[in-house]
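The file query03.cif comes next; it holds mmCIF, C-alpha atoms.
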```cif
data_input
#
loop_
_atom_site.label_atom_id
_atom_site.label_comp_id
_atom_site.auth_asym_id
_atom_site.auth_seq_id
_atom_site.Cartn_x
_atom_site.Cartn_y
_atom_site.Cartn_z
CA MET A 1146 -25.98 35.22 -30.98
CA ILE A 1147 -28.36 33.33 -28.75
CA ARG A 1148 -30.41 30.29 -29.84
CA SER A 1149 -33.52 32.23 -30.87
CA GLU A 1150 -31.36 34.42 -33.13
CA VAL A 1151 -29.79 31.33 -34.70
CA LEU A 1152 -33.26 29.87 -35.34
CA ARG A 1153 -34.45 33.15 -36.86
CA ASP A 1154 -31.38 33.16 -39.09
CA ILE A 1155 -31.86 29.60 -40.39
CA ALA A 1156 -35.69 29.62 -40.54
CA PRO A 1157 -35.72 30.14 -44.35
CA ILE A 1158 -33.59 26.99 -44.73
CA LEU A 1159 -35.63 24.94 -42.26
CA ARG A 1160 -38.90 25.94 -43.96
CA ASP A 1161 -38.60 23.41 -46.79
CA GLN A 1162 -37.35 20.49 -44.65
CA LEU A 1163 -38.82 18.06 -42.15
CA VAL A 1164 -37.76 19.34 -38.73
CA ILE A 1165 -37.88 17.62 -35.36
CA CYS A 1166 -37.55 20.35 -32.75
CA ASN A 1167 -36.37 19.88 -29.21
CA ILE A 1168 -38.58 20.25 -26.12
CA GLY A 1169 -39.10 23.58 -24.39
CA LEU A 1170 -37.87 26.93 -25.62
CA PRO A 1171 -36.41 25.72 -28.97
CA SER A 1172 -39.84 24.44 -30.07
CA GLN A 1173 -41.58 27.53 -28.71
CA GLU A 1174 -39.13 29.78 -30.55
CA LEU A 1175 -39.41 27.92 -33.87
CA HIS A 1176 -43.21 27.84 -33.50
CA MET A 1177 -43.25 31.62 -33.05
CA ILE A 1178 -40.68 32.40 -35.76
CA ASP A 1179 -42.04 30.22 -38.57
CA ASP A 1180 -44.68 27.60 -37.75
CA GLN A 1181 -44.83 24.98 -40.51
CA PRO A 1182 -46.65 21.66 -40.86
CA THR A 1183 -43.22 20.16 -41.55
CA ASN A 1184 -42.19 21.01 -37.98
CA PHE A 1185 -42.67 18.35 -35.30
CA TYR A 1186 -42.62 20.08 -31.93
CA MET A 1187 -41.61 18.01 -28.94
CA LEU A 1188 -43.81 18.96 -26.01
CA GLY A 1189 -42.05 16.57 -23.63
CA THR A 1190 -39.49 13.75 -23.53
CA MET A 1191 -36.18 15.56 -23.17
CA GLY A 1192 -33.34 14.00 -25.11
CA LEU A 1193 -35.12 12.20 -27.92
CA SER A 1194 -35.08 14.76 -30.74
CA SER A 1195 -32.14 13.04 -32.44
CA SER A 1196 -33.68 9.58 -32.00
CA ILE A 1197 -37.04 10.66 -33.43
CA GLY A 1198 -35.32 12.43 -36.32
CA LEU A 1199 -33.15 9.41 -37.15
CA GLY A 1200 -36.27 7.23 -37.09
CA VAL A 1201 -38.05 9.53 -39.57
CA ALA A 1202 -34.97 9.67 -41.79
CA LEU A 1203 -34.53 5.89 -41.88
CA ALA A 1204 -38.22 5.39 -42.67
CA GLN A 1205 -38.46 7.59 -45.76
CA SER A 1206 -36.32 9.54 -48.23
CA LYS A 1207 -37.03 13.23 -47.50
CA LYS A 1208 -34.39 15.19 -45.62
CA VAL A 1209 -34.81 15.49 -41.88
CA ILE A 1210 -33.19 18.01 -39.53
CA SER A 1211 -33.25 17.32 -35.79
CA ILE A 1212 -32.73 20.45 -33.75
CA ASP A 1213 -31.21 19.42 -30.45
CA GLY A 1214 -29.45 21.07 -27.54
CA ASP A 1215 -26.24 20.28 -25.72
CA GLY A 1216 -28.16 19.43 -22.54
CA SER A 1217 -30.52 17.14 -24.42
CA VAL A 1218 -27.70 15.29 -26.17
CA LEU A 1219 -26.02 14.81 -22.80
CA THR A 1220 -29.30 13.32 -21.54
CA ASN A 1221 -29.38 10.77 -24.38
CA PHE A 1222 -25.70 10.17 -25.11
CA GLY A 1223 -26.45 6.70 -26.45
CA THR A 1224 -27.98 8.33 -29.51
CA LEU A 1225 -24.59 9.22 -31.05
CA PRO A 1226 -23.32 5.62 -31.53
CA THR A 1227 -26.74 4.65 -32.88
CA ILE A 1228 -26.60 7.51 -35.40
CA ALA A 1229 -23.01 6.67 -36.36
CA ASN A 1230 -23.83 3.02 -36.99
CA ASN A 1231 -27.12 3.56 -38.85
CA VAL A 1232 -26.13 6.06 -41.51
CA ALA A 1233 -29.03 7.94 -43.08
CA ASP A 1234 -27.71 10.43 -45.63
CA ASN A 1235 -30.99 12.36 -45.45
CA PHE A 1236 -30.40 13.14 -41.75
CA ILE A 1237 -28.82 16.19 -40.17
CA LEU A 1238 -28.44 16.59 -36.42
CA LEU A 1239 -28.10 20.26 -35.52
CA ILE A 1240 -26.94 20.60 -31.93
CA ILE A 1241 -27.36 24.17 -30.74
CA ASP A 1242 -24.71 24.20 -28.06
CA ASN A 1243 -25.08 27.17 -25.75
CA GLY A 1244 -23.40 25.39 -22.84
CA SER A 1245 -26.51 25.61 -20.70
CA TYR A 1246 -29.90 24.12 -19.90
CA GLY A 1247 -31.77 27.07 -21.40
CA SER A 1248 -35.37 26.04 -20.70
CA THR A 1249 -34.77 25.50 -17.01
CA GLY A 1250 -32.91 28.71 -16.18
CA ASP A 1251 -29.54 28.52 -17.93
CA GLN A 1252 -27.81 26.17 -15.53
CA PRO A 1253 -24.42 25.28 -17.07
CA THR A 1254 -23.96 21.93 -18.86
CA TYR A 1255 -20.75 19.94 -19.01
CA ALA A 1256 -20.67 20.73 -22.75
CA GLY A 1257 -19.93 24.31 -21.74
CA LYS A 1258 -17.05 23.11 -19.59
CA LYS A 1259 -14.57 20.34 -20.43
CA THR A 1260 -16.75 18.13 -22.65
CA SER A 1261 -16.67 18.64 -26.43
CA LEU A 1262 -19.76 17.24 -28.17
CA THR A 1263 -17.88 17.54 -31.46
CA ALA A 1264 -15.13 15.25 -30.15
CA VAL A 1265 -17.69 12.88 -28.63
CA ALA A 1266 -19.64 12.61 -31.90
CA LYS A 1267 -16.42 11.85 -33.78
CA ALA A 1268 -15.36 9.30 -31.17
CA CYS A 1269 -18.75 7.61 -31.52
CA GLY A 1270 -18.03 7.07 -35.20
CA CYS A 1271 -19.97 9.90 -36.82
CA GLU A 1272 -18.17 10.68 -40.06
CA ASN A 1273 -19.24 14.23 -40.90
CA VAL A 1274 -19.08 16.39 -37.79
CA VAL A 1275 -18.84 20.16 -38.22
CA GLU A 1276 -18.44 22.63 -35.39
CA CYS A 1277 -19.30 26.20 -36.26
CA LYS A 1278 -19.84 29.64 -34.82
CA ALA A 1279 -23.46 30.71 -34.42
CA GLU A 1280 -23.10 33.26 -37.24
CA ASP A 1281 -22.09 30.53 -39.71
CA THR A 1282 -24.91 28.08 -38.93
CA GLY A 1283 -26.98 28.88 -42.03
CA LYS A 1284 -24.04 28.43 -44.36
CA VAL A 1285 -22.99 25.16 -42.70
CA LEU A 1286 -26.54 23.82 -42.63
CA GLN A 1287 -27.08 24.58 -46.32
CA ALA A 1288 -23.77 22.91 -47.17
CA ALA A 1289 -24.82 19.83 -45.19
CA LEU A 1290 -28.14 19.68 -47.06
CA ASP A 1291 -26.34 20.06 -50.39
CA SER A 1292 -23.80 17.36 -49.53
CA ASN A 1293 -26.40 14.56 -49.26
CA LYS A 1294 -24.34 13.13 -46.41
CA MET A 1295 -25.46 12.53 -42.87
CA THR A 1296 -23.98 15.42 -40.89
CA ILE A 1297 -23.73 16.38 -37.25
CA ILE A 1298 -23.47 20.15 -36.74
CA VAL A 1299 -22.41 21.57 -33.40
CA CYS A 1300 -23.34 25.24 -33.39
CA LYS A 1301 -21.60 27.11 -30.58
CA CYS A 1302 -23.75 30.01 -29.48
CA GLU A 1303 -24.33 32.21 -26.45
CA SER A 1304 -26.61 31.31 -23.60
CA GLY A 1305 -29.81 33.31 -23.26
CA ASN A 1306 -33.55 33.19 -23.76
CA ILE A 1307 -36.44 35.34 -24.92
CA LYS A 1308 -39.88 35.40 -23.32
CA LEU A 1309 -42.53 33.61 -25.31
CA PRO A 1310 -45.67 31.52 -24.79
CA VAL A 1311 -45.92 27.74 -24.53
CA ILE A 1312 -47.29 25.78 -27.49
CA THR A 1313 -50.96 24.98 -26.95
CA LYS A 1314 -51.48 22.96 -30.14
CA ASP A 1315 -52.83 19.48 -29.47
CA PRO A 1316 -50.04 16.88 -29.80
CA VAL A 1317 -52.14 14.70 -32.10
CA VAL A 1318 -52.68 17.70 -34.40
CA ILE A 1319 -48.90 18.36 -34.46
CA ARG A 1320 -48.23 14.70 -35.24
CA ASP A 1321 -51.00 14.35 -37.83
CA ARG A 1322 -50.07 17.43 -39.84
CA PHE A 1323 -46.40 16.39 -39.71
CA MET A 1324 -47.25 12.93 -41.04
CA THR A 1325 -49.37 14.49 -43.79
CA ALA A 1326 -46.38 16.69 -44.72
CA VAL A 1327 -44.11 13.64 -44.78
CA GLN A 1328 -46.45 11.89 -47.21
CA SER A 1329 -47.10 14.91 -49.47
CA MET B 257 -41.72 -24.01 -36.51
CA SER B 258 -39.75 -22.43 -33.67
CA ILE B 259 -41.47 -19.90 -31.44
CA ASN B 260 -38.97 -17.26 -32.60
CA THR B 261 -39.92 -17.85 -36.23
CA LYS B 262 -43.63 -17.76 -35.39
CA ILE B 263 -43.29 -14.43 -33.53
CA VAL B 264 -41.34 -12.77 -36.32
CA ASP B 265 -43.69 -14.23 -38.97
CA ASP B 266 -46.57 -12.53 -37.14
CA PHE B 267 -44.63 -9.24 -37.09
CA VAL B 268 -43.97 -9.45 -40.83
CA ALA B 269 -47.56 -10.47 -41.59
CA ASN B 270 -48.73 -7.33 -39.77
CA GLY B 271 -46.41 -5.06 -41.70
CA VAL B 272 -43.96 -4.51 -38.84
CA ASP B 273 -40.85 -3.36 -40.69
CA PHE B 274 -38.82 -1.38 -38.12
CA VAL B 275 -37.76 -3.07 -34.89
CA THR B 276 -35.52 -1.71 -32.18
CA THR B 277 -34.05 -4.02 -29.59
CA VAL B 278 -32.27 -3.94 -26.27
CA PRO B 279 -31.03 -7.45 -25.57
CA CYS B 280 -32.15 -10.05 -23.06
CA LYS B 281 -30.98 -13.66 -22.82
CA GLN B 282 -34.54 -14.89 -23.22
CA LEU B 283 -35.07 -12.79 -26.33
CA ALA B 284 -31.77 -13.68 -28.03
CA GLY B 285 -33.41 -16.09 -30.49
CA VAL B 286 -36.13 -13.69 -31.56
CA ILE B 287 -33.58 -10.87 -31.95
CA ASP B 288 -31.46 -13.15 -34.20
CA GLU B 289 -34.57 -13.88 -36.25
CA ILE B 290 -35.39 -10.15 -36.55
CA GLU B 291 -31.83 -9.47 -37.72
CA ALA B 292 -32.10 -12.21 -40.34
CA ARG B 293 -35.30 -10.92 -41.99
CA GLU B 294 -34.96 -8.67 -45.01
CA GLU B 295 -38.44 -7.22 -44.48
CA ILE B 296 -37.41 -5.68 -41.15
CA TYR B 297 -34.97 -2.84 -40.46
CA HIS B 298 -33.34 -3.86 -37.19
CA ILE B 299 -31.82 -1.05 -35.16
CA PRO B 300 -30.32 -1.97 -31.80
CA ALA B 301 -30.76 0.80 -29.21
CA ASN B 302 -28.48 1.61 -26.29
CA LYS B 303 -31.39 2.34 -23.99
CA GLU B 304 -35.08 1.64 -24.30
CA ASP B 305 -36.26 5.27 -24.23
CA GLU B 306 -33.92 5.97 -27.12
CA GLY B 307 -35.48 3.00 -28.91
CA MET B 308 -38.97 4.39 -28.34
CA GLY B 309 -37.84 7.70 -29.87
CA LEU B 310 -36.58 5.83 -32.93
CA CYS B 311 -39.91 3.99 -33.15
CA ALA B 312 -41.89 7.24 -32.86
CA GLY B 313 -39.88 8.72 -35.74
CA ALA B 314 -40.18 5.60 -37.86
CA PHE B 315 -43.95 5.58 -37.35
CA MET B 316 -44.22 9.21 -38.45
CA GLY B 317 -42.05 8.36 -41.44
CA GLY B 318 -44.48 5.67 -42.53
CA LYS B 319 -43.12 2.50 -40.95
CA ARG B 320 -44.76 0.09 -38.52
CA PRO B 321 -42.41 -0.08 -35.53
CA ALA B 322 -41.99 -2.45 -32.59
CA ILE B 323 -39.64 -2.64 -29.63
CA ILE B 324 -38.14 -5.71 -27.98
CA MET B 325 -36.84 -5.26 -24.43
CA GLN B 326 -36.76 -6.54 -20.82
CA ASN B 327 -39.37 -5.63 -18.23
CA THR B 328 -36.68 -3.65 -16.39
CA ALA B 329 -37.18 -1.16 -19.22
CA ILE B 330 -40.64 -0.27 -17.93
CA GLY B 331 -38.80 1.50 -15.13
CA VAL B 332 -36.62 3.33 -17.64
CA THR B 333 -39.30 4.42 -20.09
CA VAL B 334 -42.29 5.69 -18.09
CA ASN B 335 -41.73 9.31 -19.12
CA THR B 336 -41.26 8.42 -22.80
CA LEU B 337 -44.32 6.17 -22.89
CA VAL B 338 -46.46 8.90 -21.35
CA THR B 339 -45.14 12.09 -23.00
CA LEU B 340 -44.31 10.71 -26.44
CA THR B 341 -46.00 7.44 -27.36
CA GLN B 342 -49.28 8.05 -25.52
CA PHE B 343 -49.44 11.87 -25.70
CA TYR B 344 -49.04 11.86 -29.51
CA ARG B 345 -51.13 8.66 -29.87
CA MET B 346 -48.68 6.35 -31.56
CA PRO B 347 -48.84 2.56 -31.84
CA LEU B 348 -46.02 0.55 -30.28
CA PRO B 349 -46.05 -3.20 -29.78
CA MET B 350 -43.62 -3.97 -26.95
CA LEU B 351 -42.40 -7.57 -26.86
CA ILE B 352 -41.05 -7.84 -23.32
CA SER B 353 -39.16 -10.57 -21.52
CA TYR B 354 -40.86 -10.88 -18.14
CA ARG B 355 -37.81 -11.53 -15.99
CA GLY B 356 -38.24 -12.33 -12.30
CA GLU B 357 -41.07 -14.81 -12.73
CA LEU B 358 -41.08 -18.59 -12.02
CA LYS B 359 -37.75 -20.29 -12.90
CA GLU B 360 -35.85 -17.01 -12.49
CA PRO B 361 -32.32 -17.60 -11.18
CA VAL B 362 -31.43 -13.95 -10.45
CA ALA B 363 -33.05 -12.54 -7.31
CA CYS B 364 -32.73 -8.90 -8.31
CA GLN B 365 -34.96 -9.51 -11.35
CA VAL B 366 -37.84 -10.30 -9.00
CA GLU B 367 -37.66 -6.78 -7.59
CA MET B 368 -38.75 -5.35 -10.94
CA ALA B 369 -41.10 -8.23 -11.75
CA VAL B 370 -43.30 -7.40 -8.76
CA HIS B 371 -43.80 -3.87 -10.12
CA THR B 372 -44.16 -4.70 -13.80
CA LYS B 373 -47.89 -5.32 -14.11
CA ALA B 374 -48.72 -2.63 -11.54
CA LEU B 375 -46.78 -0.04 -13.55
CA LEU B 376 -48.34 -1.11 -16.85
CA ASN B 377 -51.77 -1.00 -15.22
CA GLN B 378 -51.09 2.46 -13.79
CA LEU B 379 -50.03 3.65 -17.27
CA LEU B 380 -53.25 2.21 -18.78
CA ILE B 381 -51.19 0.11 -21.20
CA PRO B 382 -53.07 -2.92 -22.55
CA THR B 383 -51.06 -5.90 -21.31
CA TYR B 384 -50.95 -9.54 -22.43
CA HIS B 385 -48.99 -12.23 -20.62
CA PHE B 386 -47.60 -15.22 -22.54
CA HIS B 387 -47.06 -18.12 -20.10
CA HIS B 388 -47.87 -21.19 -22.19
CA LYS B 389 -46.58 -21.70 -25.73
CA SER B 390 -50.14 -21.56 -27.07
CA ASP B 391 -50.57 -18.03 -25.67
CA ALA B 392 -48.52 -16.82 -28.64
CA ASP B 393 -51.45 -17.75 -30.88
CA GLU B 394 -52.91 -14.37 -29.90
CA LEU B 395 -49.91 -12.36 -31.11
CA ASP B 396 -51.41 -11.73 -34.55
CA ALA B 397 -54.59 -10.31 -32.96
CA ILE B 398 -52.57 -8.26 -30.45
CA LEU B 399 -50.57 -6.64 -33.26
CA LYS B 400 -53.73 -5.81 -35.20
CA TYR B 401 -55.24 -4.34 -32.02
CA THR B 402 -52.13 -2.20 -31.40
CA PHE B 403 -52.14 -0.61 -34.84
CA MET B 404 -55.93 -0.20 -34.68
CA CYS B 405 -55.92 1.79 -31.43
CA ASN B 406 -52.58 3.67 -31.76
CA LYS B 407 -51.41 2.81 -28.27
CA PRO B 408 -48.38 1.17 -26.73
CA VAL B 409 -49.28 -2.43 -25.93
CA ALA B 410 -47.23 -4.76 -23.71
CA ILE B 411 -46.66 -8.45 -24.42
CA LEU B 412 -44.99 -10.00 -21.37
CA THR B 413 -43.23 -13.29 -22.08
CA ASP B 414 -42.06 -15.23 -19.03
CA ALA B 415 -39.48 -18.00 -18.52
CA THR B 416 -42.07 -20.76 -18.67
CA PHE B 417 -43.15 -19.49 -22.09
CA TRP B 418 -39.55 -19.55 -23.32
CA GLY B 419 -38.91 -22.99 -21.78
CA GLY B 420 -36.61 -21.85 -18.98
CA TYR B 421 -33.19 -20.31 -19.26
CA GLY B 422 -31.53 -23.19 -21.07
CA GLU B 423 -29.89 -24.39 -17.86
#
```

Taking this structure as input, can you express it in the form of structure tokens?
Amino acid sequence: MIRSEVLRDIAPILRDQLVICNIGLPSQELHMIDDQPTNFYMLGTMGLSSSIGLGVALAQSKKVISIDGDGSVLTNFGTLPTIANNVADNFILLIIDNGSYGSTGDQPTYAGKKTSLTAVAKACGCENVVECKAEDTGKVLQAALDSNKMTIIVCKCESGNIKLPVITKDPVVIRDRFMTAVQS
Amino acid sequence: MSINTKIVDDFVANGVDFVTTVPCKQLAGVIDEIEAREEIYHIPANKEDEGMGLCAGAFMGGKRPAIIMQNTAIGVTVNTLVTLTQFYRMPLPMLISYRGELKEPVACQVEMAVHTKALLNQLLIPTYHFHHKSDADELDAILKYTFMCNKPVAILTDATFWGGYGE
């Protein structure tokens, strides 16, 4: 399975949750598969999906899922100790780890080589870290939601992209409808 | 009242309840004061762009965020300020230690100081410079202005304002 297939698979679970979605193809794919006002699409700022999601989770009580990538987590490695030391049990970080920088042409990341993000997250102090196969992502994500415990999921999937358009929604519209959904 | 207490009192009076910090010697007292206040969730960040991501999320979750950092961070955070805070129109008071100004003992700090206001100007970030103790009287108005206009706003605080480096 490639990332877009994983997103299509878990879209029914994401639908009812607040979702912060990573820059580039992940946001474009989620936007195409199941656009929801509860989705915050990052149009820039690689690396900060987990930070934004943790901020939302600490600020209010609804559950928040940050969809991140292995390349983006590598860009903002400092996020993992911050997450570990500021536990928000309404927060799930879903790292879709395809071992490549998908949006820029599938250049390999170090996570696809020697570096294990699962081991790094555990070493940073994250207490519930689950690595799964792409096919099991829905089951693992639902279990994390049901557990009411902050969870880091590392979903190992294949590298590969589909062709799709960029998001042309105005950023303030994306932000405003997300904030309205948070408050509803 | 100490200047640290006055600054944090103004934060609290303006509903600021989520503060991320990256330390600086000059800001140590105000960071201690932030940590001590029950009204504020204090979340230290490992890097300032990470902190701005946390603040963006906290704002969307209903909090009033602020960041405390050194002016060196302006060099680190240009992309985040432009593509997150400004692009999505979010408020962010930035209390910044203006290292490299008069009384600075570390030469390298001057290298960033000479770019600080030019960068902020280029980014169209409203910028206030606290040099005398009485300049802090405007903090309350600056915070109100920040949350009125939904922009990042810089408050530069130099060594003269803080009374030197304690040497």

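When the PyMOL selection byres ((chain B) within 7 of (chain A)) is evaluated against the file, it yields Ala301, Asn302, Glu306, Gly309, Leu310, Cys311, Ala312, Gly313, Ala314, Met316, Gly317, Gly318, Lys319, Asn335, Thr336, Thr339, Leu340, Phe343, Tyr344 and Arg345 of chain B.
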
Worksheet item: Taking the file as shown, what set of residues would the PyMOL selection byres ((chain B and resi 380) around 12) give back, as a PyMOL selection string?
Response: chain B and resi 334+337-338+342+373-379+381-383+407-410

Discussion item. If we draw a sphere of 12 Å around (-30.5, 20.7, -23.9), which residues have at least one atom in it when counting all atoms listed in the file? Please report them as a ChimeraX atom specification.
Written reply: /A:1148,1166-1172,1190-1195,1212-1222,1239-1257,1304

For C-alpha atoms, I'd like the residues from the last selection saved as a PDB file, in the frame of the given file.
```pdb
ATOM      1  CA  ARG A1148     -30.410  30.290 -29.840  1.00  0.00           C
ATOM      2  CA  CYS A1166     -37.550  20.350 -32.750  1.00  0.00           C
ATOM      3  CA  ASN A1167     -36.370  19.880 -29.210  1.00  0.00           C
ATOM      4  CA  ILE A1168     -38.580  20.250 -26.120  1.00  0.00           C
ATOM      5  CA  GLY A1169     -39.100  23.580 -24.390  1.00  0.00           C
ATOM      6  CA  LEU A1170     -37.870  26.930 -25.620  1.00  0.00           C
ATOM      7  CA  PRO A1171     -36.410  25.720 -28.970  1.00  0.00           C
ATOM      8  CA  SER A1172     -39.840  24.440 -30.070  1.00  0.00           C
ATOM      9  CA  THR A1190     -39.490  13.750 -23.530  1.00  0.00           C
ATOM     10  CA  MET A1191     -36.180  15.560 -23.170  1.00  0.00           C
ATOM     11  CA  GLY A1192     -33.340  14.000 -25.110  1.00  0.00           C
ATOM     12  CA  LEU A1193     -35.120  12.200 -27.920  1.00  0.00           C
ATOM     13  CA  SER A1194     -35.080  14.760 -30.740  1.00  0.00           C
ATOM     14  CA  SER A1195     -32.140  13.040 -32.440  1.00  0.00           C
ATOM     15  CA  ILE A1212     -32.730  20.450 -33.750  1.00  0.00           C
ATOM     16  CA  ASP A1213     -31.210  19.420 -30.450  1.00  0.00           C
ATOM     17  CA  GLY A1214     -29.450  21.070 -27.540  1.00  0.00           C
ATOM     18  CA  ASP A1215     -26.240  20.280 -25.720  1.00  0.00           C
ATOM     19  CA  GLY A1216     -28.160  19.430 -22.540  1.00  0.00           C
ATOM     20  CA  SER A1217     -30.520  17.140 -24.420  1.00  0.00           C
ATOM     21  CA  VAL A1218     -27.700  15.290 -26.170  1.00  0.00           C
ATOM     22  CA  LEU A1219     -26.020  14.810 -22.800  1.00  0.00           C
ATOM     23  CA  THR A1220     -29.300  13.320 -21.540  1.00  0.00           C
ATOM     24  CA  ASN A1221     -29.380  10.770 -24.380  1.00  0.00           C
ATOM     25  CA  PHE A1222     -25.700  10.170 -25.110  1.00  0.00           C
ATOM     26  CA  LEU A1239     -28.100  20.260 -35.520  1.00  0.00           C
ATOM     27  CA  ILE A1240     -26.940  20.600 -31.930  1.00  0.00           C
ATOM     28  CA  ILE A1241     -27.360  24.170 -30.740  1.00  0.00           C
ATOM     29  CA  ASP A1242     -24.710  24.200 -28.060  1.00  0.00           C
ATOM     30  CA  ASN A1243     -25.080  27.170 -25.750  1.00  0.00           C
ATOM     31  CA  GLY A1244     -23.400  25.390 -22.840  1.00  0.00           C
ATOM     32  CA  SER A1245     -26.510  25.610 -20.700  1.00  0.00           C
ATOM     33  CA  TYR A1246     -29.900  24.120 -19.900  1.00  0.00           C
ATOM     34  CA  GLY A1247     -31.770  27.070 -21.400  1.00  0.00           C
ATOM     35  CA  SER A1248     -35.370  26.040 -20.700  1.00  0.00           C
ATOM     36  CA  THR A1249     -34.770  25.500 -17.010  1.00  0.00           C
ATOM     37  CA  GLY A1250     -32.910  28.710 -16.180  1.00  0.00           C
ATOM     38  CA  ASP A1251     -29.540  28.520 -17.930  1.00  0.00           C
ATOM     39  CA  GLN A1252     -27.810  26.170 -15.530  1.00  0.00           C
ATOM     40  CA  PRO A1253     -24.420  25.280 -17.070  1.00  0.00           C
ATOM     41  CA  THR A1254     -23.960  21.930 -18.860  1.00  0.00           C
ATOM     42  CA  TYR A1255     -20.750  19.940 -19.010  1.00  0.00           C
ATOM     43  CA  ALA A1256     -20.670  20.730 -22.750  1.00  0.00           C
ATOM     44  CA  GLY A1257     -19.930  24.310 -21.740  1.00  0.00           C
ATOM     45  CA  SER A1304     -26.610  31.310 -23.600  1.00  0.00           C
TER      46      SER A1304
END
```

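Atom pair CA of Met308 (chain B) / CA of Gly331 (chain B) has a distance of 13.5 Å (rounded to one decimal).
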
Fill in: Point (-28.6, 20.4, -49.5), cut-off 12 Å, counting only C-alpha atoms, residues as a PyMOL selection string
chain A and resi 1158-1159+1161-1162+1207-1210+1234-1237+1283-1296

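The two atoms in question, CA of Val264 (chain B) and CA of Val278 (chain B), are spaced 16.2 Å apart.
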
Discussion item. Could you list, as a PyMOL selection string, every residue matched by the PyMOL selection byres ((chain A and resi 1309) around 10) in this structure?
Written reply: chain A and resi 1170+1173-1174+1177+1306-1308+1310-1312

Where is the centre and how long are the edges: axis-aligned box on region 1237-1242 of chain A, 4 Å on each side, Å to one decimal, as lines of an AutoDock Vina configuration file:
```
center_x = -26.8
center_y = 20.2
center_z = -34.1
size_x = 12.1
size_y = 16.0
size_z = 20.1
```

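As for CA of Ala369 (chain B) and CA of Met404 (chain B), they are spaced 28.5 Å apart.
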
Fill in: Closest of A:Val1164, A:Ala1229, A:Cys1300, A:Met1146 to Lys1267 (chain A) - atom-to-atom distances counting all atoms listed in the file
A:Ala1229

Worksheet item: Near Asp396 (chain B), counting all atoms listed in the file, which residues have an atom at most 9 Å away, once you skip same-chain residues fewer than 4 positions from it, shown as a ChimeraX atom specification?
Response: /B:263,266-267,269-270,392,400-401

Please identify all polymer residues within 7 Å of region 1258-1264 of chain A, counting all atoms listed in the file, omitting same-chain residues fewer than 5 positions from it, and present them as a PDB file with C-alpha atoms, in the coordinates of the input.
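See part23.pdb below for the written result:
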```
ATOM      1  CA  VAL A1274     -19.080  16.390 -37.790  1.00  0.00           C
ATOM      2  CA  GLU A1276     -18.440  22.630 -35.390  1.00  0.00           C
ATOM      3  CA  VAL A1299     -22.410  21.570 -33.400  1.00  0.00           C
TER       4      VAL A1299
END
```

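Using all atoms listed in the file for every distance, the candidate list B:Asp414, B:Glu367, B:Asp305, B:Glu357 yields B:Asp305 as the residue closest to Val332 (chain B).
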
Practice prompt. For Tyr297 (chain B), list every protein, DNA or RNA residue within 8 Å, evaluated using all atoms listed in the file, and leave out those in the same chain fewer than 5 positions away; present the list as a ChimeraX atom specification.
Written response: /B:273-275,291
